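Engineer: I have a structure here, written as structure tokens, and I will follow up with some questions on it.
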Amino acid sequence: DSGGTLGKQLGYKITGIDAGAGVVQAAEKAVKDYGLDYTVQTSSGAAMTQALADAIENKEPIIVTGWSPHWKFAKYDLKYLEDPKGSFGEAEHINTIVRLGLDKDMPNAYKILDNFYWTSDDMEAVMSKVNEGADVEEVARQWIDDHQDKVSKWTEGAEKVNGEAIKLAYVAWDTEIASTNVIGLVLEDMGYKVTLTQVEAGPMWAAVASGDADAIVAAWLPGTHKKYMEDYKGQVEDLGPNLEGAKIGLVVPAYMEINSIEDLIE
Ligand code: PBE
């Protein structure tokens, strides 16, 4: 049958990203939920988008663990596979999470982080330029200059400080590279000495829970990072969404004839 032929072409492989990513764990859940013969191969966000680019160039089939917002949807003609069993959950939002006590220790940074809120279009604008090869700090600077109306709302009511050190942790996912650099520069403009530390997903959550990091803007909820959120319940403060309308799932080029994860069942 067609499922079997496709499986062979794909080597029964779903191209994943880093093992700590929620979307990889959800893909592993989908393999179980649908009884698939596939393995989820872990790598990195960058390796996944390279594999996607190579497959599309050769018009070959590929299944990747995908998410939106993401520049790949503007660059390529892609589709999410339908997920009737709901292995990947429903709509997601991205939340800002801070260490306990930040409100008292750094009330101005706390206020800015609490106010930080933008749209998928905003984030995609930054992400796309970075993907085209521009320096992320320059792109973030330009975005801030062009969106003073938004940024001034984030800093509303906050006072400038004098070189206080603040640490933001993030993972090298395209979405989080964009958001962390933008909010990092905004904090810098408000007088903070900002350190951005790139780590894996587990250590990122552990850092904000232990206080090694002051904040993350990379918490995908309610589903993708559910386990991390449960693990650190009471050890972090959730400042709510900085972006709404996010999504995770299995993504394939539009030229592939399958439309649902169920089409992978043999
Ligand atoms: N992502 C992007 C992450 C969250 C941000 C969807 C790849 C994940 O944990 O899966």
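Naming works like this for the structure tokens: A, B, ... for the chains as they're shown, residue 1 at the start of each chain, ligands 1 onward in shown order.
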Taking only C-alpha atoms and all ligand atoms into account, list the residues no farther than 8 Å from ligand 1, as a PyMOL selection string.
Structural biologist: chain A and resi 17+20-25+45+65-68+173-176+201+218-220+224-225+247-248
Engineer: Store the residues picked out above, limited to N, CA and C atoms, as an mmCIF file, in the first residue's frame.
Structural biologist:
data_model
loop_
_atom_site.group_PDB
_atom_site.id
_atom_site.type_symbol
_atom_site.label_atom_id
_atom_site.label_comp_id
_atom_site.auth_asym_id
_atom_site.auth_seq_id
_atom_site.Cartn_x
_atom_site.Cartn_y
_atom_site.Cartn_z
ATOM 1 N N ILE A 17 14.262 17.483 16.114
ATOM 2 C CA ILE A 17 15.266 18.487 16.496
ATOM 3 C C ILE A 17 15.948 17.986 17.776
ATOM 4 N N GLY A 20 15.463 17.482 23.918
ATOM 5 C CA GLY A 20 14.735 18.148 24.993
ATOM 6 C C GLY A 20 13.530 18.949 24.520
ATOM 7 N N ALA A 21 13.361 19.079 23.223
ATOM 8 C CA ALA A 21 12.254 19.880 22.693
ATOM 9 C C ALA A 21 10.928 19.171 22.916
ATOM 10 N N GLY A 22 9.919 19.914 23.305
ATOM 11 C CA GLY A 22 8.598 19.341 23.505
ATOM 12 C C GLY A 22 8.036 18.732 22.238
ATOM 13 N N VAL A 23 8.367 19.320 21.104
ATOM 14 C CA VAL A 23 7.816 18.820 19.840
ATOM 15 C C VAL A 23 8.373 17.430 19.512
ATOM 16 N N VAL A 24 9.575 17.140 19.962
ATOM 17 C CA VAL A 24 10.153 15.800 19.767
ATOM 18 C C VAL A 24 9.437 14.794 20.668
ATOM 19 N N GLN A 25 9.197 15.199 21.911
ATOM 20 C CA GLN A 25 8.468 14.318 22.825
ATOM 21 C C GLN A 25 7.042 14.067 22.305
ATOM 22 N N GLY A 45 17.536 22.179 15.629
ATOM 23 C CA GLY A 45 16.656 22.978 14.777
ATOM 24 C C GLY A 45 17.314 23.287 13.439
ATOM 25 N N THR A 65 9.546 17.514 12.517
ATOM 26 C CA THR A 65 8.836 18.092 13.655
ATOM 27 C C THR A 65 8.864 19.605 13.442
ATOM 28 N N GLY A 66 7.674 20.187 13.298
ATOM 29 C CA GLY A 66 7.612 21.599 12.922
ATOM 30 C C GLY A 66 6.853 22.423 13.940
ATOM 31 N N TRP A 67 6.974 23.726 13.795
ATOM 32 C CA TRP A 67 6.240 24.631 14.666
ATOM 33 C C TRP A 67 6.052 25.973 13.995
ATOM 34 N N SER A 68 5.026 26.684 14.450
ATOM 35 C CA SER A 68 4.790 28.048 13.984
ATOM 36 C C SER A 68 4.542 28.943 15.187
ATOM 37 N N TRP A 173 16.395 27.581 19.175
ATOM 38 C CA TRP A 173 15.266 27.413 18.255
ATOM 39 C C TRP A 173 15.080 28.764 17.578
ATOM 40 N N ASP A 174 14.735 28.780 16.307
ATOM 41 C CA ASP A 174 14.644 30.046 15.561
ATOM 42 C C ASP A 174 13.723 31.043 16.254
ATOM 43 N N THR A 175 12.601 30.533 16.766
ATOM 44 C CA THR A 175 11.646 31.401 17.456
ATOM 45 C C THR A 175 12.283 32.075 18.672
ATOM 46 N N GLU A 176 13.000 31.300 19.443
ATOM 47 C CA GLU A 176 13.539 31.801 20.710
ATOM 48 C C GLU A 176 14.792 32.648 20.491
ATOM 49 N N ALA A 201 17.010 22.640 26.331
ATOM 50 C CA ALA A 201 15.704 22.934 26.925
ATOM 51 C C ALA A 201 15.648 22.603 28.420
ATOM 52 N N ALA A 218 10.541 31.669 26.518
ATOM 53 C CA ALA A 218 10.499 30.525 25.614
ATOM 54 C C ALA A 218 9.651 29.372 26.110
ATOM 55 N N ALA A 219 8.659 29.646 26.965
ATOM 56 C CA ALA A 219 7.859 28.557 27.527
ATOM 57 C C ALA A 219 6.634 28.297 26.657
ATOM 58 N N TRP A 220 6.646 27.191 25.950
ATOM 59 C CA TRP A 220 5.527 26.848 25.058
ATOM 60 C C TRP A 220 4.495 26.048 25.849
ATOM 61 N N THR A 224 3.423 21.914 24.936
ATOM 62 C CA THR A 224 4.788 21.565 24.534
ATOM 63 C C THR A 224 5.735 21.441 25.735
ATOM 64 N N HIS A 225 5.650 22.372 26.662
ATOM 65 C CA HIS A 225 6.529 22.336 27.837
ATOM 66 C C HIS A 225 5.790 21.979 29.128
ATOM 67 N N LYS A 247 1.831 26.891 17.365
ATOM 68 C CA LYS A 247 1.381 25.534 17.064
ATOM 69 C C LYS A 247 2.579 24.627 16.849
ATOM 70 N N ILE A 248 2.437 23.347 17.179
ATOM 71 C CA ILE A 248 3.473 22.361 16.851
ATOM 72 C C ILE A 248 2.816 21.189 16.128
#
Engineer: Excluding Leu239 in chain A and its own-chain neighbours fewer than 3 positions away, which residues fall within 12 Å of it when counting only C-alpha atoms? Please give them as a list in words.
Structural biologist: Ile94, Asn95, Thr96, Ile97, Val98, Arg99, Leu100, Leu102, Asp103, Tyr110, Lys111, Ile112, Leu113, Asp114, Asn115, Phe116, Tyr117, Ala215, Ile216, Val217, Ala218, Ala219, Val236, Asn242 and Leu243 of chain A
Engineer: Given only C-alpha atoms as the basis, pick out the residue of A:Glu257, A:Glu164, A:Glu237, A:Asp145 nearest to Asn108 in chain A.
Structural biologist: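 Under the stated criterion, the closest residue is A:Glu164.
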Engineer: If you count only C-alpha atoms, which residues fall within 10 Å of Ala213 in chain A, apart from same-chain ones fewer than 5 positions away, as a list of chain:residue names?
Structural biologist: A:Val98, A:Arg99, A:Ile166, A:Lys167, A:Leu168, A:Ala169, A:Tyr170, A:Thr195, A:Leu196, A:Thr197, A:Met204, A:Trp205, A:Ala206, A:Ala207, A:Val208
Engineer: Next, the residues of the selection above should be written as a PDB file, in the first residue's frame with N, CA and C atoms.
Structural biologist:
ATOM      1  N   VAL A  98       9.744  33.872  34.910  1.00  0.00           N
ATOM      2  CA  VAL A  98      10.861  34.500  35.632  1.00  0.00           C
ATOM      3  C   VAL A  98      11.158  33.725  36.912  1.00  0.00           C
ATOM      4  N   ARG A  99      12.341  33.967  37.437  1.00  0.00           N
ATOM      5  CA  ARG A  99      12.725  33.329  38.702  1.00  0.00           C
ATOM      6  C   ARG A  99      11.944  33.974  39.840  1.00  0.00           C
ATOM      7  N   ILE A 166      21.458  41.239  34.271  1.00  0.00           N
ATOM      8  CA  ILE A 166      20.304  40.339  34.145  1.00  0.00           C
ATOM      9  C   ILE A 166      20.643  39.237  33.146  1.00  0.00           C
ATOM     10  N   LYS A 167      20.200  38.008  33.461  1.00  0.00           N
ATOM     11  CA  LYS A 167      20.525  36.859  32.611  1.00  0.00           C
ATOM     12  C   LYS A 167      19.264  36.256  32.005  1.00  0.00           C
ATOM     13  N   LEU A 168      19.267  36.122  30.690  1.00  0.00           N
ATOM     14  CA  LEU A 168      18.179  35.436  29.997  1.00  0.00           C
ATOM     15  C   LEU A 168      18.728  34.140  29.411  1.00  0.00           C
ATOM     16  N   ALA A 169      18.035  33.046  29.640  1.00  0.00           N
ATOM     17  CA  ALA A 169      18.434  31.760  29.045  1.00  0.00           C
ATOM     18  C   ALA A 169      17.501  31.441  27.890  1.00  0.00           C
ATOM     19  N   TYR A 170      18.027  30.779  26.875  1.00  0.00           N
ATOM     20  CA  TYR A 170      17.196  30.407  25.721  1.00  0.00           C
ATOM     21  C   TYR A 170      17.802  29.192  25.028  1.00  0.00           C
ATOM     22  N   THR A 195      22.950  39.407  29.763  1.00  0.00           N
ATOM     23  CA  THR A 195      23.653  38.223  29.264  1.00  0.00           C
ATOM     24  C   THR A 195      22.630  37.251  28.704  1.00  0.00           C
ATOM     25  N   LEU A 196      22.820  36.845  27.453  1.00  0.00           N
ATOM     26  CA  LEU A 196      21.968  35.819  26.856  1.00  0.00           C
ATOM     27  C   LEU A 196      22.755  34.517  26.863  1.00  0.00           C
ATOM     28  N   THR A 197      22.199  33.504  27.493  1.00  0.00           N
ATOM     29  CA  THR A 197      22.903  32.221  27.582  1.00  0.00           C
ATOM     30  C   THR A 197      22.136  31.161  26.822  1.00  0.00           C
ATOM     31  N   MET A 204      17.605  25.035  30.429  1.00  0.00           N
ATOM     32  CA  MET A 204      16.966  26.358  30.413  1.00  0.00           C
ATOM     33  C   MET A 204      15.918  26.455  31.521  1.00  0.00           C
ATOM     34  N   TRP A 205      15.081  25.463  31.620  1.00  0.00           N
ATOM     35  CA  TRP A 205      14.051  25.452  32.664  1.00  0.00           C
ATOM     36  C   TRP A 205      14.668  25.340  34.053  1.00  0.00           C
ATOM     37  N   ALA A 206      15.694  24.493  34.169  1.00  0.00           N
ATOM     38  CA  ALA A 206      16.359  24.325  35.468  1.00  0.00           C
ATOM     39  C   ALA A 206      16.990  25.642  35.910  1.00  0.00           C
ATOM     40  N   ALA A 207      17.513  26.411  34.948  1.00  0.00           N
ATOM     41  CA  ALA A 207      18.209  27.658  35.278  1.00  0.00           C
ATOM     42  C   ALA A 207      17.245  28.691  35.841  1.00  0.00           C
ATOM     43  N   VAL A 208      16.069  28.820  35.269  1.00  0.00           N
ATOM     44  CA  VAL A 208      15.129  29.831  35.763  1.00  0.00           C
ATOM     45  C   VAL A 208      14.518  29.376  37.093  1.00  0.00           C
TER      46      VAL A 208
END
Engineer: Could you name the residues that touch Pro69 in chain A at 7 Å or less, counting only C-alpha atoms, but leaving out those on the same chain fewer than 3 positions away, as a VMD selection string?
Structural biologist: chain A and resid 120 124 246
Engineer: Write out as a list in words all residues of range 41-190 of chain A that DSSP puts in strand (DSSP E) for this structure's backbone.
Structural biologist: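 Of range 41-190 of chain A, only Gln41, Val64, Thr65, Gly66, Trp67, Ser68, Leu78, Lys79, Tyr80, Glu92, His93, Ile94, Asn95, Thr96, Ile97, Val98, Arg99, Ala165, Ile166, Lys167, Leu168, Ala169 and Tyr170 of chain A fall in strand (DSSP E).
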Engineer: Atoms to include: N, CA, C and O atoms. Write the selected residues as a CSV table (one decimal), in the first residue's frame.
Structural biologist:
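Full text of out-v8.csv as output:
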chain,number,residue,atom,x,y,z
A,41,GLN,N,14.1,10.9,14.7
A,41,GLN,CA,15.6,11.1,14.8
A,41,GLN,C,15.9,12.5,15.4
A,41,GLN,O,15.4,13.5,14.9
A,64,VAL,N,9.1,16.4,9.1
A,64,VAL,CA,9.8,17.0,10.2
A,64,VAL,C,8.9,17.4,11.4
A,64,VAL,O,7.7,17.5,11.2
A,65,THR,N,9.5,17.5,12.5
A,65,THR,CA,8.8,18.1,13.7
A,65,THR,C,8.9,19.6,13.4
A,65,THR,O,9.9,20.2,13.4
A,66,GLY,N,7.7,20.2,13.3
A,66,GLY,CA,7.6,21.6,12.9
A,66,GLY,C,6.9,22.4,13.9
A,66,GLY,O,6.2,21.9,14.8
A,67,TRP,N,7.0,23.7,13.8
A,67,TRP,CA,6.2,24.6,14.7
A,67,TRP,C,6.1,26.0,14.0
A,67,TRP,O,6.8,26.3,13.1
A,68,SER,N,5.0,26.7,14.4
A,68,SER,CA,4.8,28.0,14.0
A,68,SER,C,4.5,28.9,15.2
A,68,SER,O,4.0,28.5,16.2
A,78,LEU,N,4.4,24.3,2.6
A,78,LEU,CA,4.4,23.2,3.5
A,78,LEU,C,3.0,23.0,4.1
A,78,LEU,O,2.2,23.9,4.0
A,79,LYS,N,2.8,21.9,4.7
A,79,LYS,CA,1.5,21.6,5.4
A,79,LYS,C,1.7,20.8,6.7
A,79,LYS,O,2.6,20.0,6.7
A,80,TYR,N,0.9,21.1,7.7
A,80,TYR,CA,0.9,20.3,8.9
A,80,TYR,C,0.1,19.0,8.5
A,80,TYR,O,-1.0,19.1,7.8
A,92,GLU,N,-1.1,26.7,21.0
A,92,GLU,CA,-0.1,27.0,22.0
A,92,GLU,C,0.1,28.5,22.1
A,92,GLU,O,-0.2,29.2,21.2
A,93,HIS,N,0.6,28.9,23.3
A,93,HIS,CA,1.0,30.2,23.5
A,93,HIS,C,2.5,30.2,24.0
A,93,HIS,O,2.8,29.1,24.6
A,94,ILE,N,3.2,31.2,23.9
A,94,ILE,CA,4.6,31.2,24.4
A,94,ILE,C,4.6,32.2,25.6
A,94,ILE,O,4.2,33.4,25.5
A,95,ASN,N,5.0,31.7,26.7
A,95,ASN,CA,4.9,32.5,28.0
A,95,ASN,C,6.3,32.9,28.4
A,95,ASN,O,7.3,32.3,28.1
A,96,THR,N,6.3,34.0,29.2
A,96,THR,CA,7.5,34.5,29.8
A,96,THR,C,7.5,34.0,31.3
A,96,THR,O,6.5,34.1,32.0
A,97,ILE,N,8.6,33.4,31.7
A,97,ILE,CA,8.7,32.8,33.0
A,97,ILE,C,9.9,33.5,33.7
A,97,ILE,O,11.0,33.6,33.1
A,98,VAL,N,9.7,33.9,34.9
A,98,VAL,CA,10.9,34.5,35.6
A,98,VAL,C,11.2,33.7,36.9
A,98,VAL,O,10.3,33.0,37.4
A,99,ARG,N,12.3,34.0,37.4
A,99,ARG,CA,12.7,33.3,38.7
A,99,ARG,C,11.9,34.0,39.8
A,99,ARG,O,11.5,35.1,39.7
A,165,ALA,N,22.9,43.7,36.3
A,165,ALA,CA,23.1,42.5,35.5
A,165,ALA,C,21.9,41.6,35.5
A,165,ALA,O,21.3,41.4,36.5
A,166,ILE,N,21.5,41.2,34.3
A,166,ILE,CA,20.3,40.3,34.1
A,166,ILE,C,20.6,39.2,33.1
A,166,ILE,O,21.3,39.5,32.1
A,167,LYS,N,20.2,38.0,33.5
A,167,LYS,CA,20.5,36.9,32.6
A,167,LYS,C,19.3,36.3,32.0
A,167,LYS,O,18.3,35.9,32.7
A,168,LEU,N,19.3,36.1,30.7
A,168,LEU,CA,18.2,35.4,30.0
A,168,LEU,C,18.7,34.1,29.4
A,168,LEU,O,19.8,34.2,28.8
A,169,ALA,N,18.0,33.0,29.6
A,169,ALA,CA,18.4,31.8,29.0
A,169,ALA,C,17.5,31.4,27.9
A,169,ALA,O,16.3,31.8,27.9
A,170,TYR,N,18.0,30.8,26.9
A,170,TYR,CA,17.2,30.4,25.7
A,170,TYR,C,17.8,29.2,25.0
A,170,TYR,O,19.0,28.8,25.3
Engineer: Give me every helix (DSSP H, G or I) residue in range 91-266 of chain A, going by DSSP on the backbone, as a PyMOL selection string.
Structural biologist: chain A and resi 102-105+107-115+120-131+136-146+148-154+174-189+201-210+226-231+261-264
Engineer: Which residue is closest to Asp214 in chain A? Choose from A:Asp263, A:Asp105, A:Asp149, A:Asp121 and count only C-alpha atoms.
Structural biologist: A:Asp105
Engineer: Just the number, please: distance in Å from CA of Pro203 in chain A to CA of Lys233 in chain A, one decimal.
Structural biologist: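 Going from CA of Pro203 in chain A over to CA of Lys233 in chain A, I get 15.6 Å.
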Engineer: Measuring atom to atom with only C-alpha atoms, identify which of A:Leu52, A:Gly211, A:Val161, A:Ile258 is nearest to Leu81 in chain A.
Structural biologist: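 The shortest atom-to-atom distance to Leu81 in chain A comes from A:Ile258.
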